[in-house]
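**Student:** Could you have a look at this structure, given as structure tokens, before my questions?
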Amino acid sequence: MIGLLQRVSSARVEIGGETVGAIGRGLMVLVGVERGDTEREGERLIERLIGYRVFSDADRKMNLSVADIGGGLLLVPQFTLPADTRKGARPSLSRAAPPDIGRCRFEHVVARARALHPVVETGQFGVNMQVTLTNDGPITFTLRVAPPA
């Protein structure tokens with residue numbers, strides 16, 4: 001499972017002109033589910049996201065997590081994130097989980113996040129969304145939790 005996280009001062013997701021999820025300071029995370037991912041990878045990804053130290057402390061060092069600052073998490077399903085872009089002029093989506101499995105894994109990630117963190121907002125699986133954010137830094141990292149070999 002892949003999480004592309006961006007430290008934001010604000011972020012929101014709109015569907016058809018209506019805001020369905022929004023946060024202030026926190027992390028906006030695009031979540032990609034790969035073939036072979038299980039609930040375990042999703043749980044580990046959320047644990048890492050909540051504890052990942054990307055916010056500055058008083059000494060301007062990235063020593064604080066989204067949990068430490070009481071920030072929000074905006075989780076957005078992104079089926080193109082696992083794309084294979086190594087060759088050709090068009091990405092291959094063969095690494096992405098099938099839609100029914102992707103939806104199930106994403107919903108599990110959201111449920112786990114809500115059990116561990118007080119401010120969790122989401123996009124919606126399988127629909128066209130408009131994501132707006134103000135990247136703070138800019139700070140962007142990719143976290144990947146691979147299934148056991």
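Quick note on naming: the chains in the structure tokens go A, B, ... in the order shown, residues restart at 1 in each chain, and ligands are numbered from 1 in order of appearance.
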Find the residues near region 37-47 of chain A: any atom within 10 Å, counting only C-alpha atoms, skip ones fewer than 5 places away on the same chain, and give them as a PyMOL selection string.
**Tutor:** chain A and resi 1-3+31-32+52+96-97+101-102+104-114+116-117+143-148
**Student:** Just the selected residues (C-alpha atoms), exported as a CSV table (one decimal), in the first residue's frame, please.
**Tutor:**
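The new file result06.csv reads:
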chain,number,residue,atom,x,y,z
A,1,MET,CA,0.0,0.0,0.0
A,2,ILE,CA,1.2,3.5,-0.9
A,3,GLY,CA,0.6,6.7,0.9
A,31,VAL,CA,-3.8,6.2,-0.8
A,32,GLY,CA,-3.0,3.7,-3.4
A,52,TYR,CA,5.5,10.3,10.9
A,96,ALA,CA,-3.3,-1.5,-8.7
A,97,ALA,CA,-5.8,-3.7,-6.8
A,101,ILE,CA,-10.6,-5.0,-3.3
A,102,GLY,CA,-9.3,-1.4,-3.5
A,104,CYS,CA,-12.5,-2.6,0.7
A,105,ARG,CA,-8.9,-1.9,1.7
A,106,PHE,CA,-9.4,1.9,1.5
A,107,GLU,CA,-12.5,1.7,3.8
A,108,HIS,CA,-10.5,-0.4,6.2
A,109,VAL,CA,-7.7,2.2,6.2
A,110,VAL,CA,-10.3,4.9,7.0
A,111,ALA,CA,-11.9,2.9,9.8
A,112,ARG,CA,-8.5,2.2,11.3
A,113,ALA,CA,-7.5,5.9,11.0
A,114,ARG,CA,-10.7,7.0,12.7
A,116,LEU,CA,-6.6,6.0,16.2
A,117,HIS,CA,-6.9,9.7,15.3
A,143,LEU,CA,5.4,5.8,2.3
A,144,ARG,CA,5.1,2.3,1.1
A,145,VAL,CA,4.1,-0.8,3.1
A,146,ALA,CA,4.7,-3.9,1.0
A,147,PRO,CA,3.0,-7.2,1.6
A,148,PRO,CA,5.3,-9.9,3.0
**Student:** I want to know what sits within 6 Å of Ile139 (chain A), based on only C-alpha atoms, with residues of the same chain fewer than 2 positions away left out; could you give that as a ChimeraX atom specification?
**Tutor:** /A:6-7,137
**Student:** Find, counting only C-alpha atoms, the residue in A:Ser10, A:Leu30, A:Leu73, A:Ser65 that gets nearest to Glu121 (chain A).
**Tutor:**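 Under the stated criterion, the closest residue is A:Leu73.
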**Student:** Could you check which of A:Thr142, A:Val131, A:Gly126, A:Gly71 is closest to Asp100 (chain A), using only C-alpha atoms?
**Tutor:**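 Counting only C-alpha atoms, the residue closest to Asp100 (chain A) is A:Gly126.
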